[in-house]
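Dumped protein-v3.txt below, it's compact mmCIF, C-alpha atoms:
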```
# COMPACT_ATOMS: atom_id res chain seq x y z
CA MET A 1 74.93 73.78 103.89
CA ASN A 2 71.48 72.97 102.56
CA GLY A 3 72.55 73.61 99.00
CA ASP A 4 74.11 77.01 99.74
CA SER A 5 77.22 77.95 97.80
CA LEU A 6 80.36 78.60 99.81
CA VAL A 7 80.01 82.31 99.13
CA THR A 8 76.40 82.33 100.34
CA TYR A 9 77.35 80.22 103.36
CA VAL A 10 79.95 82.76 104.45
CA ALA A 11 77.88 85.83 103.54
CA ARG A 12 74.88 84.63 105.61
CA SER A 13 76.91 84.95 108.82
CA GLU A 14 78.46 88.25 109.90
CA LEU A 15 80.98 86.35 112.05
CA ARG A 16 82.05 84.04 109.22
CA SER A 17 82.49 87.03 106.92
CA THR A 18 84.38 88.99 109.58
CA LEU A 19 86.79 86.15 110.34
CA LEU A 20 87.41 85.26 106.70
CA ARG A 21 88.23 88.89 105.89
CA ALA A 22 90.37 89.23 109.02
CA VAL A 23 92.44 86.20 108.04
CA GLU A 24 92.70 87.54 104.51
CA ARG A 25 94.02 90.91 105.71
CA ASP A 26 96.43 89.51 108.29
CA PRO A 27 96.99 85.76 108.83
CA ARG A 28 97.34 85.23 112.59
CA THR A 29 96.74 82.87 115.49
CA THR A 30 93.40 82.12 117.12
CA ALA A 31 94.45 84.10 120.19
CA ALA A 32 95.40 87.11 118.06
CA LEU A 33 92.10 86.98 116.17
CA HIS A 34 90.19 86.84 119.46
CA ALA A 35 92.22 89.75 120.86
CA ASP A 36 91.75 91.90 117.77
CA LEU A 37 88.05 91.25 117.15
CA ASP A 38 85.07 92.00 119.37
CA VAL A 39 84.01 88.34 119.38
CA SER A 40 83.81 85.74 122.12
CA GLN A 41 86.59 83.17 122.29
CA SER A 42 84.15 80.30 121.79
CA GLY A 43 82.69 82.07 118.76
CA VAL A 44 86.14 82.48 117.19
CA TYR A 45 87.05 78.80 117.74
CA LYS A 46 83.69 77.50 116.49
CA THR A 47 83.62 79.67 113.40
CA LEU A 48 87.23 78.98 112.42
CA ASP A 49 86.49 75.26 112.68
CA GLU A 50 83.45 75.73 110.41
CA LEU A 51 85.49 77.62 107.83
CA ALA A 52 88.26 75.01 108.01
CA ASP A 53 85.76 72.15 107.60
CA ARG A 54 84.70 73.72 104.31
CA GLY A 55 88.25 74.20 103.09
CA LEU A 56 88.29 77.98 103.34
CA VAL A 57 91.03 78.42 105.96
CA ARG A 58 93.82 76.26 107.34
CA GLU A 59 96.03 76.43 110.44
CA SER A 60 99.75 75.83 110.70
CA ASP A 61 101.44 78.25 113.07
CA ARG A 62 98.65 80.69 112.24
CA TRP A 63 95.36 80.82 110.35
CA GLU A 64 95.54 81.61 106.64
CA LEU A 65 93.24 81.41 103.63
CA THR A 66 93.26 78.45 101.29
CA ALA A 67 92.98 79.05 97.55
CA ARG A 68 89.26 78.32 97.86
CA GLY A 69 88.97 80.80 100.73
CA ARG A 70 90.74 83.50 98.75
CA LEU A 71 88.28 83.13 95.87
CA VAL A 72 85.36 83.40 98.29
CA ALA A 73 86.92 86.50 99.88
CA ASP A 74 87.39 88.03 96.43
CA GLU A 75 83.73 87.41 95.59
CA LEU A 76 82.58 88.92 98.90
CA ALA A 77 84.69 92.00 98.16
CA ARG A 78 83.14 92.22 94.70
CA GLN A 79 79.65 92.02 96.20
CA ASP A 80 80.52 94.77 98.68
CA ALA A 81 81.71 96.91 95.79
CA VAL A 82 78.42 96.32 93.97
CA GLU A 83 76.47 97.38 97.07
CA ASP A 84 78.55 100.55 97.41
CA LEU A 85 78.13 101.30 93.72
CA LEU A 86 74.37 100.84 93.84
CA ASP A 87 73.87 102.91 96.98
CA ASP A 88 72.83 106.02 95.09
CA GLU A 89 69.60 107.36 93.58
CA PHE A 90 71.45 107.69 90.26
CA TRP A 91 70.48 104.10 89.45
CA ASP A 92 66.77 104.82 89.90
CA ALA A 93 66.79 107.30 87.03
CA HIS A 94 69.40 105.97 84.60
CA ASP A 95 69.56 103.11 82.12
CA VAL A 96 72.62 100.90 82.54
CA SER A 97 71.30 98.36 80.03
CA VAL A 98 72.85 100.46 77.24
CA LEU A 99 76.22 99.21 78.45
CA PRO A 100 76.88 95.73 76.98
CA ARG A 101 76.50 93.02 79.61
CA ARG A 102 80.13 91.90 79.55
CA PHE A 103 81.13 95.44 80.53
CA ARG A 104 78.39 95.81 83.16
CA GLN A 105 79.68 92.68 84.84
CA ARG A 106 83.09 94.30 85.24
CA LEU A 107 81.93 97.58 86.76
CA ALA A 108 82.11 96.66 90.43
CA GLY A 109 85.53 95.03 90.27
CA ALA A 110 87.14 97.60 87.99
CA GLY A 111 88.24 100.15 90.57
CA GLU A 112 86.85 103.00 92.61
CA TRP A 113 83.72 104.67 91.24
CA GLU A 114 82.30 108.09 92.02
CA LEU A 115 79.36 110.05 90.71
CA TYR A 116 80.24 113.55 89.53
CA ARG A 117 77.30 115.94 89.27
CA ASN A 118 76.62 119.51 88.26
CA PRO A 119 75.63 121.30 91.47
CA ALA A 120 72.51 123.44 91.20
CA ARG A 121 74.59 126.54 91.88
CA ASN A 122 77.39 125.52 89.52
CA PRO A 123 75.79 124.07 86.36
CA GLN A 124 79.05 124.36 84.37
CA TYR A 125 81.10 122.28 86.81
CA LEU A 126 81.28 119.13 84.67
CA GLU A 127 82.15 121.12 81.55
CA ARG A 128 85.08 122.81 83.28
CA TRP A 129 86.17 119.49 84.78
CA ALA A 130 86.17 117.87 81.33
CA VAL A 131 88.11 120.75 79.79
CA GLU A 132 90.88 120.35 82.37
CA LEU A 133 90.80 116.60 81.89
CA PHE A 134 91.29 116.94 78.13
CA ARG A 135 93.98 119.59 78.52
CA GLU A 136 96.11 117.43 80.83
CA ALA A 137 95.71 114.14 78.93
CA ASP A 138 98.45 112.57 76.79
CA TRP A 139 95.91 110.37 75.04
CA LEU A 140 92.17 110.30 74.83
CA ARG A 141 89.58 107.71 73.84
CA VAL A 142 86.11 109.16 73.43
CA GLY A 143 82.61 108.10 72.52
CA ALA A 144 80.60 111.27 71.80
CA GLN A 145 76.83 111.18 71.74
CA VAL A 146 76.50 114.92 72.39
CA TYR A 147 78.40 117.68 70.59
CA TYR A 148 80.23 120.22 72.75
CA PRO A 149 81.88 122.85 70.53
CA ARG A 150 84.29 123.84 73.31
CA PHE A 151 85.49 120.26 73.76
CA ALA A 152 85.78 119.66 70.04
CA ARG A 153 87.85 122.81 69.51
CA MET A 154 90.18 121.90 72.36
CA VAL A 155 90.73 118.34 71.14
CA ASP A 156 91.32 119.60 67.58
CA GLU A 157 93.82 122.18 68.83
CA LEU A 158 95.76 119.77 71.05
CA ALA A 159 95.84 117.14 68.32
CA ASP A 160 97.05 119.70 65.76
CA ARG A 161 99.88 120.63 68.12
CA GLY A 162 100.84 116.98 68.37
CA VAL A 163 100.41 116.79 72.16
CA LEU A 164 97.32 114.60 72.20
CA ASP A 165 96.65 111.17 70.75
CA ALA A 166 92.88 111.21 70.25
CA ARG A 167 90.61 108.49 68.91
CA VAL A 168 86.99 109.58 68.82
CA VAL A 169 83.87 107.58 68.01
CA VAL A 170 81.05 109.98 67.11
CA ASP A 171 77.38 109.05 67.14
CA ASP A 172 75.98 109.05 63.60
CA ARG A 173 73.11 111.35 64.56
CA LEU A 174 75.63 113.80 65.94
CA VAL A 175 77.47 113.93 62.62
CA ASP A 176 74.19 114.49 60.79
CA GLU A 177 73.21 117.33 63.14
CA ALA A 178 76.63 119.05 63.06
CA ILE A 179 77.57 118.37 59.46
CA GLU A 180 78.94 121.92 59.11
CA ARG A 181 81.86 120.84 61.29
CA TYR A 182 83.03 118.73 58.37
CA THR A 183 82.67 121.36 55.64
CA ASP A 184 86.44 121.32 55.09
CA GLY A 185 86.70 117.57 55.66
CA PRO A 186 87.33 115.64 58.88
CA PRO A 187 89.90 116.88 61.42
CA ALA A 188 93.37 116.19 60.07
CA ARG A 189 95.10 115.04 63.26
CA ILE A 190 92.28 113.11 64.95
CA ASP A 191 91.32 109.52 64.28
CA GLU A 192 87.56 109.78 64.05
CA ARG A 193 84.97 107.12 63.30
CA VAL A 194 81.19 107.04 63.25
CA ALA A 195 78.87 104.54 64.93
CA ASP A 196 75.48 104.25 66.60
CA LEU A 197 76.34 105.10 70.21
CA PRO A 198 73.85 104.50 73.06
CA PHE A 199 75.87 106.54 75.60
CA SER A 200 78.95 108.75 75.88
CA PHE A 201 82.30 107.91 77.45
CA THR A 202 85.79 109.30 77.91
CA VAL A 203 88.96 107.39 78.74
CA THR A 204 92.35 108.79 79.78
CA ALA A 205 95.40 107.19 81.37
CA ASP A 206 93.89 107.92 84.79
CA LEU A 207 90.15 107.35 84.54
CA VAL A 208 87.05 106.42 82.59
CA ALA A 209 83.91 108.56 82.61
CA LEU A 210 80.56 107.08 81.56
CA SER A 211 77.58 109.28 80.74
CA LEU A 212 74.51 107.05 80.83
CA PRO A 213 71.10 108.12 79.52
CA THR A 214 68.07 108.45 81.73
CA ARG A 215 65.44 105.71 81.65
CA ASP A 216 63.53 107.55 78.91
CA GLY A 217 66.61 107.61 76.68
CA VAL A 218 67.61 111.24 77.18
CA SER A 219 71.33 112.07 77.46
CA ASP A 220 72.06 113.29 80.99
CA LEU A 221 74.41 116.27 80.91
CA ASP A 222 74.42 116.72 84.68
CA ALA A 223 75.81 113.42 85.99
CA VAL A 224 78.73 111.20 85.05
CA LEU A 225 80.01 107.95 86.52
CA VAL A 226 83.79 108.15 86.97
CA GLY A 227 86.04 105.16 87.61
CA SER A 228 89.69 105.50 88.54
CA GLY A 229 92.57 103.05 88.71
CA GLU A 230 94.16 100.56 86.36
CA GLY A 231 91.12 98.28 86.17
CA ALA A 232 88.75 101.12 85.38
CA VAL A 233 91.02 102.45 82.63
CA GLU A 234 91.32 98.96 81.14
CA LEU A 235 87.53 98.66 81.16
CA GLY A 236 87.26 102.04 79.46
CA ARG A 237 89.72 101.08 76.76
CA ASP A 238 87.80 97.87 76.12
CA ILE A 239 84.53 99.80 75.84
CA HIS A 240 86.15 102.16 73.35
CA ALA A 241 87.61 99.26 71.35
CA HIS A 242 84.17 97.62 71.23
CA TYR A 243 82.64 100.61 69.46
CA TRP A 244 85.77 101.60 67.54
CA ASP A 245 85.91 98.19 65.85
CA ARG A 246 82.26 98.51 64.82
CA ALA A 247 82.55 102.10 63.59
CA VAL A 248 83.32 103.35 60.08
CA PRO A 249 85.92 106.03 59.26
CA VAL A 250 84.33 109.44 59.20
CA GLU A 251 85.45 109.93 55.58
CA ASP A 252 83.46 106.86 54.53
CA TYR A 253 80.41 108.02 56.48
CA LEU A 254 80.52 111.52 54.99
CA ALA A 255 80.59 110.01 51.53
CA THR A 256 77.13 108.53 52.19
CA VAL A 257 75.39 111.68 53.47
```

Could you show the structure in this file as structure tokens?
Amino acid sequence: MNGDSLVTYVARSELRSTLLRAVERDPRTTAALHADLDVSQSGVYKTLDELADRGLVRESDRWELTARGRLVADELARQDAVEDLLDDEFWDAHDVSVLPRRFRQRLAGAGEWELYRNPARNPQYLERWAVELFREADWLRVGAQVYYPRFARMVDELADRGVLDARVVVDDRLVDEAIERYTDGPPARIDERVADLPFSFTVTADLVALSLPTRDGVSDLDAVLVGSGEGAVELGRDIHAHYWDRAVPVEDYLATV
């Protein structure tokens, strides 16, 4: 293999990748693989032998992945997810380095990701989307780098009614700039803490939304990266916990300003 890893060895050949994934999806005989794929019979035999020689597949009554082959297939799927995720101009203009590395490494494998944007003809789209998201949530985990009065009022109202479990980490500069919000003390029914936040995020039982700054450090109010599924929500909760554990209760912060 000339020093290539098993993953690189498979990825360098479209036929190797195709056959490994085909066996992963549906273990079957050589004849069935040849019938189902647009590949010559000699190519199927030769490539299966190559994969078997490297311990990636094995044959009994049909071809199936070995444990080693499954790990390689998982890594190829992760790489495909990274390629899909990066196939957007969003990454040319935004700074993902603000997201701690251990969380960046989980992005591609954490679920399905989409970019939500404010259309030019509908600049309030994301705001309305977020309002509906908050209204329908049973619990909410938020990191707020930008203050939206409409969102804050809604979260306060839902929390006061006892229908929303909200834990909010607020950027310290945001508290300083909107100190009048705390004239009567912090919100009674919301767990709120203060920290230095490099980006904004929202987590519900269904999704995580990340609002990354542009490369010059400006908060982008017109684009948000949204991940759905169990893995994405778990990632979101871990991101929230990371900042929550480093934050101070809002009461303690207010006592210093």

Legend entry - Near-Gln79 of chain A list (12 Å; all atoms listed in the file; drop same-chain fewer than 3 positions) as JSON, numbers by chain: {"A": [7, 8, 11, 72, 73, 74, 75, 76, 82, 83, 84, 85, 86, 105, 106, 107, 108, 109]}

Inset, instruction - Compile the contact shell of Tyr147 of chain A as a list in words: residues with an atom at most 9 Å away, counting only C-alpha atoms, same-chain residues fewer than 2 positions apart removed. - result: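 Listed by chain and then number, they are Ala144, Gln145, Pro149, Arg150, Phe151, Ala152, Val170, Leu174, Val175 and Ala178 of chain A.
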
Legend entry - Exercise: Ile190 of chain A partners within 12 Å, only C-alpha atoms, chain neighbours under 2 positions left out, as a PyMOL selection string: chain A and resi 139-142+152-170+185-188+192-193+249-250

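Taking atom CA of Leu33 of chain A and atom CA of Leu6 of chain A as endpoints, the distance between them is 21.8 Å.
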
Inset, instruction - For atom CA of Glu114 of chain A and atom CA of Asp80 of chain A, determine how far apart the two atoms are, in Å to one decimal place. - result: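 Going from atom CA of Glu114 of chain A over to atom CA of Asp80 of chain A covers 15.0 Å.
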
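Nearest residue to Thr47 of chain A, choosing from A:Glu14, A:Asp176, A:Glu24, A:Asp95 and counting all atoms listed in the file: A:Glu14.
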
Inset, instruction - Fewer than 5 positions away in the same chain doesn't count, so skip those; otherwise give me all residues within 12 Å of Glu59 of chain A, counting all atoms listed in the file, as a ChimeraX atom specification. - result: /A:23,27-30,45,48-49,51-53,64-66

Legend entry - Among the residues A:Trp244, A:Leu221, A:Asp172, A:Arg25, the one that comes closest to Gln124 of chain A [using only C-alpha atoms]: A:Leu221

Inset, instruction - Would you mind telling me which residue in A:Asp238, A:Asp26, A:Asp61, A:Glu177 lies nearest to Ala110 of chain A when using all atoms listed in the file? - result: A:Asp238

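Taking only C-alpha atoms, the non-local environment of Arg215 of chain A within 6 Å (same-chain residues fewer than 2 positions away omitted) comprises Ala93, His94, Asp95 and Gly217 of chain A.
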
Legend entry - Of the listed residues A:Ala209, A:Ala247, A:Leu19, A:Ala31, that which approaches Arg62 of chain A most closely, counting only C-alpha atoms: A:Ala31
